[in-house]
Amino acid sequence: MTEKELIGKIRELRQIQPRKDWVSLTKIQILGESARGRASVSFFPFWRPALATVMALGILIGAFGFAQNSLPGDILYSIKKLTEKSQAVFVSKEELPKYNLEIANKRLDELTEIAQTNQVKKLAPAISEFQANMSEAAKSLSEVKGQGVEKIIAQTKKLEENKQKVEEVLATKIETEKFDNALSRLVESEIKDLESRTLTEEQELLLEEAKADFSAGNYSQALEKILILSYQ
Amino acid sequence: MSYPNLMANLRKTFSKIYDSYINKIYRFIFLKVSSQEIAQDLTSETFLKGWESFKNGTKIENPQAFLYRIARNLVTDHYREKGRAQIVSAEYVSIIDPREDIEEAAALKSDIDTVRLALVNLSEDYQNVIIWHYLDDLSITEVAKLLDRTEEATRVLLSRALKGLRNELRDPAA
């Protein structure tokens, strides 16, 4: 065998290569998700695209399902929030205040669960999630007027009650200034509005009670009275 | 620079290193351990160690040399634990260029196996010099650096390695 032939034979060894899907998978394992880029294109065995698609869908659906029970601090939690955000797209402007309050209540439920099960590590993220959502709710509260009040009362009441409970468990007040101010302004404007109208005796009584609630800072109770009043 | 940005940059840089050398390192290791599974394990361990070092601030001037050094050490450790690969699992060689003709594919595969077997029977230095110069296309200068020898010594080593391989192919060791 000549040297040339020998080298030729050696060079045939260039055919030895790792499997492309293993290369992509290993890259992701070592560098983490951010390394996907080029890797994601050849990740799935390309001789089974149908199976790969089904697998991908299955994993996604599973992730969404598991995500719904996740708490702030869990890995799947961001999927849960993403789901909420995408749902929010379909909420109409009138329904938005109620929707935001529902989400805030959801955060409060999560926080309550964390507080009651003593998951100390998740407390901080849960509290900030709750406060963030309360800020969002505050913004849409300022849009509420007239008929919109009725829609938000149930959620606001639930929020106030549960927040008090959690604050007792945690032995600390959770700052939600923006929301409290927004709610206070809402009650104030409703009261002002009613004062300019002619009311029956019963309605007047209810208004006085509402004013008393307002002064005491019991905003959702004040709103409740105002609602009852408007049905008289 | 903020920490997330720094990490992102490090990842980007190492990602390029990964892409550039994954195939070479895999092939290098595979030729020595003769098993796809073991080659995959050791290769991924090589890059994992590389990434750890890189992430922790080790300056890597020559990524190729850096990775080969890790790979060689891992293979040595593997030999120490498992003994030199006695069984050459020929059926797991991935051929990237699947020939339509089965006979041709079989002939090519058997050719590759023959050379592989012969290579495995050479000394580590002979193996390395052949792999680096003829498969990875490294210059004599680069190979000399990897071996920590002079260029002259490397040339001599290379010619001896080829002789050794030819002998193996002519008269395979039992």
# chains A, B, ... in the order shown; residues from 1 in each chain; ligands from 1
>>> residues_around(residues="Asp111 in chain B", least_positions_apart="6", cutoff="10 Å", atoms="only C-alpha atoms", output="PyMOL selection string")
(chain A and resi 9-10+12-13) or (chain B and resi 105)
>>> write_last_selection(atoms="C-alpha atoms", output="PDB file, in the first residue's frame")
ATOM      1  CA  LYS A   9      -7.973   4.899   4.096  1.00  0.00           C
ATOM      2  CA  ILE A  10      -7.352   6.965   7.206  1.00  0.00           C
ATOM      3  CA  GLU A  12     -12.398   7.471   5.409  1.00  0.00           C
ATOM      4  CA  LEU A  13     -12.650   7.656   9.182  1.00  0.00           C
TER       5      LEU A  13
ATOM      6  CA  ALA B 105     -22.235   0.659   2.260  1.00  0.00           C
TER       7      ALA B 105
END
>>> interface_residues(of="chain A", to="chain B", cutoff="7 Å", atoms="only C-alpha atoms", output="ChimeraX atom specification")
/A:10-18,26,30-31,35
>>> residues_around(residues="Glu151 in chain B", least_positions_apart="6", cutoff="12 Å", atoms="only C-alpha atoms", output="list in words")
Val129, Ser139, Ile140, Thr141, Glu142, Val143, Ala144, Lys145, Leu157 and Leu158 of chain B
>>> residues_around(residues="range 133-143 of chain A", least_positions_apart="6", cutoff="8 Å", atoms="only C-alpha atoms", output="list in words")
Leu96, Pro97, Asn100, Leu101, Ile103, Ala104, Arg107, Thr176, Lys178, Phe179, Asp180, Ala182, Leu183, Arg185 and Leu186 of chain A
>>> write_last_selection(atoms="N, CA and C atoms", output="CSV table (one decimal), in the first residue's frame")
chain,number,residue,atom,x,y,z
A,96,LEU,N,-62.8,44.1,32.0
A,96,LEU,CA,-61.4,44.1,32.4
A,96,LEU,C,-61.2,44.4,33.9
A,97,PRO,N,-61.9,45.3,34.5
A,97,PRO,CA,-61.7,45.5,35.9
A,97,PRO,C,-62.0,44.3,36.7
A,100,ASN,N,-59.2,41.7,36.2
A,100,ASN,CA,-58.0,42.0,36.9
A,100,ASN,C,-58.2,41.7,38.4
A,101,LEU,N,-59.3,41.9,38.9
A,101,LEU,CA,-59.6,41.6,40.3
A,101,LEU,C,-59.6,40.1,40.6
A,103,ILE,N,-57.9,38.0,38.9
A,103,ILE,CA,-56.5,37.6,38.9
A,103,ILE,C,-55.8,37.9,40.2
A,104,ALA,N,-56.1,39.1,40.7
A,104,ALA,CA,-55.5,39.5,42.0
A,104,ALA,C,-55.9,38.5,43.1
A,107,ARG,N,-53.9,35.4,42.8
A,107,ARG,CA,-52.6,35.6,43.5
A,107,ARG,C,-52.7,35.5,45.0
A,176,THR,N,-50.4,47.7,49.6
A,176,THR,CA,-51.1,47.8,48.3
A,176,THR,C,-51.7,49.2,48.1
A,178,LYS,N,-51.5,51.7,45.9
A,178,LYS,CA,-52.2,52.1,44.7
A,178,LYS,C,-53.6,51.6,44.6
A,179,PHE,N,-53.7,50.3,44.9
A,179,PHE,CA,-55.1,49.7,44.9
A,179,PHE,C,-56.0,50.4,45.9
A,180,ASP,N,-55.5,50.5,47.1
A,180,ASP,CA,-56.3,51.1,48.2
A,180,ASP,C,-56.8,52.5,47.8
A,182,ALA,N,-57.0,53.7,44.7
A,182,ALA,CA,-57.9,53.7,43.6
A,182,ALA,C,-59.3,53.3,44.1
A,183,LEU,N,-59.4,52.3,45.0
A,183,LEU,CA,-60.7,51.9,45.5
A,183,LEU,C,-61.3,53.0,46.3
A,185,ARG,N,-60.9,56.2,45.9
A,185,ARG,CA,-61.3,57.3,45.0
A,185,ARG,C,-62.7,56.8,44.3
A,186,LEU,N,-62.8,55.5,44.0
A,186,LEU,CA,-64.0,55.0,43.4
A,186,LEU,C,-65.2,55.2,44.3
>>> closest_residue(among="B:Ile38, B:Leu146, B:Glu103, B:Asp125", to="Ile70 in chain B", atoms="only C-alpha atoms")
B:Leu146
>>> select_by_dssp(residues="range 1-38 of chain A", states="alpha helix (DSSP H)", output="number ranges by chain")
A: 3-11, 20-31, 36-38
>>> atom_distance(atom1="CA of Glu110 in chain A", atom2="CA of Leu71 in chain A")
6.2 Å
>>> atom_distance(atom1="CA of Leu207 in chain A", atom2="CA of Asn162 in chain A")
25.6 Å
>>> atom_distance(atom1="CA of Phe54 in chain B", atom2="CA of Lys32 in chain B")
25.9 Å
>>> residues_around(residues="Ala63 in chain A", least_positions_apart="5", cutoff="10 Å", atoms="only C-alpha atoms", output="ChimeraX atom specification")
/A:57-58,68,76,79-80
>>> write_last_selection(atoms="C-alpha atoms", output="short mmCIF file (atom, residue, chain, number, x, y, z; two decimals), in the first residue's frame")
data_model
loop_
_atom_site.label_atom_id
_atom_site.label_comp_id
_atom_site.auth_asym_id
_atom_site.auth_seq_id
_atom_site.Cartn_x
_atom_site.Cartn_y
_atom_site.Cartn_z
CA LEU A 57 -47.81 18.94 21.59
CA GLY A 58 -48.09 16.37 24.33
CA GLN A 68 -52.18 25.63 36.49
CA LEU A 76 -43.94 26.20 35.52
CA ILE A 79 -46.41 29.28 31.91
CA LYS A 80 -49.38 29.82 34.20
#
>>> residues_around(residues="Ile114 in chain A", least_positions_apart="2", cutoff="12 Å", atoms="only C-alpha atoms", output="list in words")
Ser70, Leu71, Pro72, Gly73, Asp74, Arg107, Leu108, Asp109, Glu110, Leu111, Thr112, Gln116, Thr117, Asn118, Gln119, Val120, Lys121, Lys122, Leu123, Ala124, Pro125, Ala126, Ile127, Val166, Val169 and Leu170 of chain A
>>> residues_around(residues="Ala154 in chain A", least_positions_apart="3", cutoff="10 Å", atoms="only C-alpha atoms", output="compact mmCIF listing (two decimals) with N, CA and C atoms, in the first residue's frame")
# COMPACT_ATOMS: atom_id res chain seq x y z
N LYS A 98 -63.10 43.62 36.39
CA LYS A 98 -63.48 42.41 37.12
C LYS A 98 -62.42 41.33 36.89
N LEU A 101 -59.34 41.94 38.90
CA LEU A 101 -59.59 41.64 40.32
C LEU A 101 -59.58 40.14 40.55
N GLU A 102 -60.11 39.39 39.59
CA GLU A 102 -60.11 37.93 39.72
C GLU A 102 -58.68 37.41 39.76
N VAL A 149 -69.64 49.24 38.67
CA VAL A 149 -69.42 49.02 40.10
C VAL A 149 -69.95 47.67 40.54
N GLU A 150 -71.12 47.34 40.04
CA GLU A 150 -71.76 46.09 40.44
C GLU A 150 -70.86 44.90 40.13
N LYS A 151 -70.22 44.96 38.99
CA LYS A 151 -69.42 43.82 38.55
C LYS A 151 -68.24 43.55 39.47
N LYS A 157 -64.74 42.56 47.58
CA LYS A 157 -65.04 42.12 48.94
C LYS A 157 -64.16 40.92 49.29
N LYS A 158 -64.12 39.95 48.37
CA LYS A 158 -63.32 38.74 48.59
C LYS A 158 -61.86 39.12 48.81
N LEU A 159 -61.39 40.07 48.02
CA LEU A 159 -60.01 40.52 48.09
C LEU A 159 -59.70 41.08 49.47
N SER A 220 -65.05 48.07 50.44
CA SER A 220 -65.96 47.17 49.73
C SER A 220 -67.31 47.13 50.42
N LEU A 223 -69.14 50.07 49.18
CA LEU A 223 -69.64 49.82 47.82
C LEU A 223 -70.89 48.95 47.85
N GLU A 224 -70.87 47.97 48.74
CA GLU A 224 -72.03 47.08 48.83
C GLU A 224 -73.29 47.88 49.16
>>> decode(residues="range 135-197 of chain A", atoms="C-alpha atoms", output="tab-separated table (two decimals), in the first residue's frame")
chain	number	residue	atom	x	y	z
A	135	SER	CA	-51.36	47.53	40.80
A	136	GLU	CA	-52.86	46.28	37.56
A	137	ALA	CA	-56.25	46.03	39.20
A	138	ALA	CA	-55.82	49.56	40.56
A	139	LYS	CA	-55.34	50.90	37.05
A	140	SER	CA	-58.50	49.35	35.70
A	141	LEU	CA	-60.44	50.35	38.83
A	142	SER	CA	-60.04	53.98	37.84
A	143	GLU	CA	-62.00	53.18	34.68
A	144	VAL	CA	-64.97	51.85	36.60
A	145	LYS	CA	-68.06	53.97	36.77
A	146	GLY	CA	-71.82	53.56	37.08
A	147	GLN	CA	-72.89	50.08	36.16
A	148	GLY	CA	-69.36	48.73	36.32
A	149	VAL	CA	-69.42	49.02	40.10
A	150	GLU	CA	-71.76	46.09	40.44
A	151	LYS	CA	-69.42	43.82	38.55
A	152	ILE	CA	-66.46	44.40	40.78
A	153	ILE	CA	-68.07	44.31	44.18
A	154	ALA	CA	-67.94	40.57	44.79
A	155	GLN	CA	-64.27	40.39	43.83
A	156	THR	CA	-63.34	43.46	45.84
A	157	LYS	CA	-65.04	42.12	48.94
A	158	LYS	CA	-63.32	38.74	48.59
A	159	LEU	CA	-60.01	40.52	48.09
A	160	GLU	CA	-60.35	42.61	51.21
A	161	GLU	CA	-61.40	39.68	53.40
A	162	ASN	CA	-58.73	37.30	52.19
A	163	LYS	CA	-56.04	39.91	52.35
A	164	GLN	CA	-56.88	40.51	55.98
A	165	LYS	CA	-56.69	36.78	56.68
A	166	VAL	CA	-53.28	36.40	55.05
A	167	GLU	CA	-51.98	39.45	56.85
A	168	GLU	CA	-53.02	37.80	60.11
A	169	VAL	CA	-51.23	34.55	59.22
A	170	LEU	CA	-48.09	36.37	58.16
A	171	ALA	CA	-48.36	38.91	60.99
A	172	THR	CA	-47.53	41.66	58.56
A	173	LYS	CA	-49.37	44.15	56.41
A	174	ILE	CA	-49.01	43.79	52.66
A	175	GLU	CA	-48.60	47.15	51.04
A	176	THR	CA	-51.13	47.76	48.26
A	177	GLU	CA	-51.28	51.53	48.32
A	178	LYS	CA	-52.16	52.11	44.68
A	179	PHE	CA	-55.06	49.73	44.86
A	180	ASP	CA	-56.33	51.07	48.17
A	181	ASN	CA	-56.17	54.62	46.80
A	182	ALA	CA	-57.90	53.66	43.58
A	183	LEU	CA	-60.65	51.90	45.49
A	184	SER	CA	-61.02	54.81	47.87
A	185	ARG	CA	-61.35	57.25	44.99
A	186	LEU	CA	-63.98	55.03	43.39
A	187	VAL	CA	-66.08	54.95	46.54
A	188	GLU	CA	-65.66	58.68	47.00
A	189	SER	CA	-66.86	59.45	43.50
A	190	GLU	CA	-69.84	57.15	43.88
A	191	ILE	CA	-70.79	58.83	47.13
A	192	LYS	CA	-70.44	62.31	45.61
A	193	ASP	CA	-72.56	61.21	42.71
A	194	LEU	CA	-75.30	59.97	45.02
A	195	GLU	CA	-75.22	63.10	47.16
A	196	SER	CA	-76.14	65.17	44.13
A	197	ARG	CA	-79.26	63.09	43.58
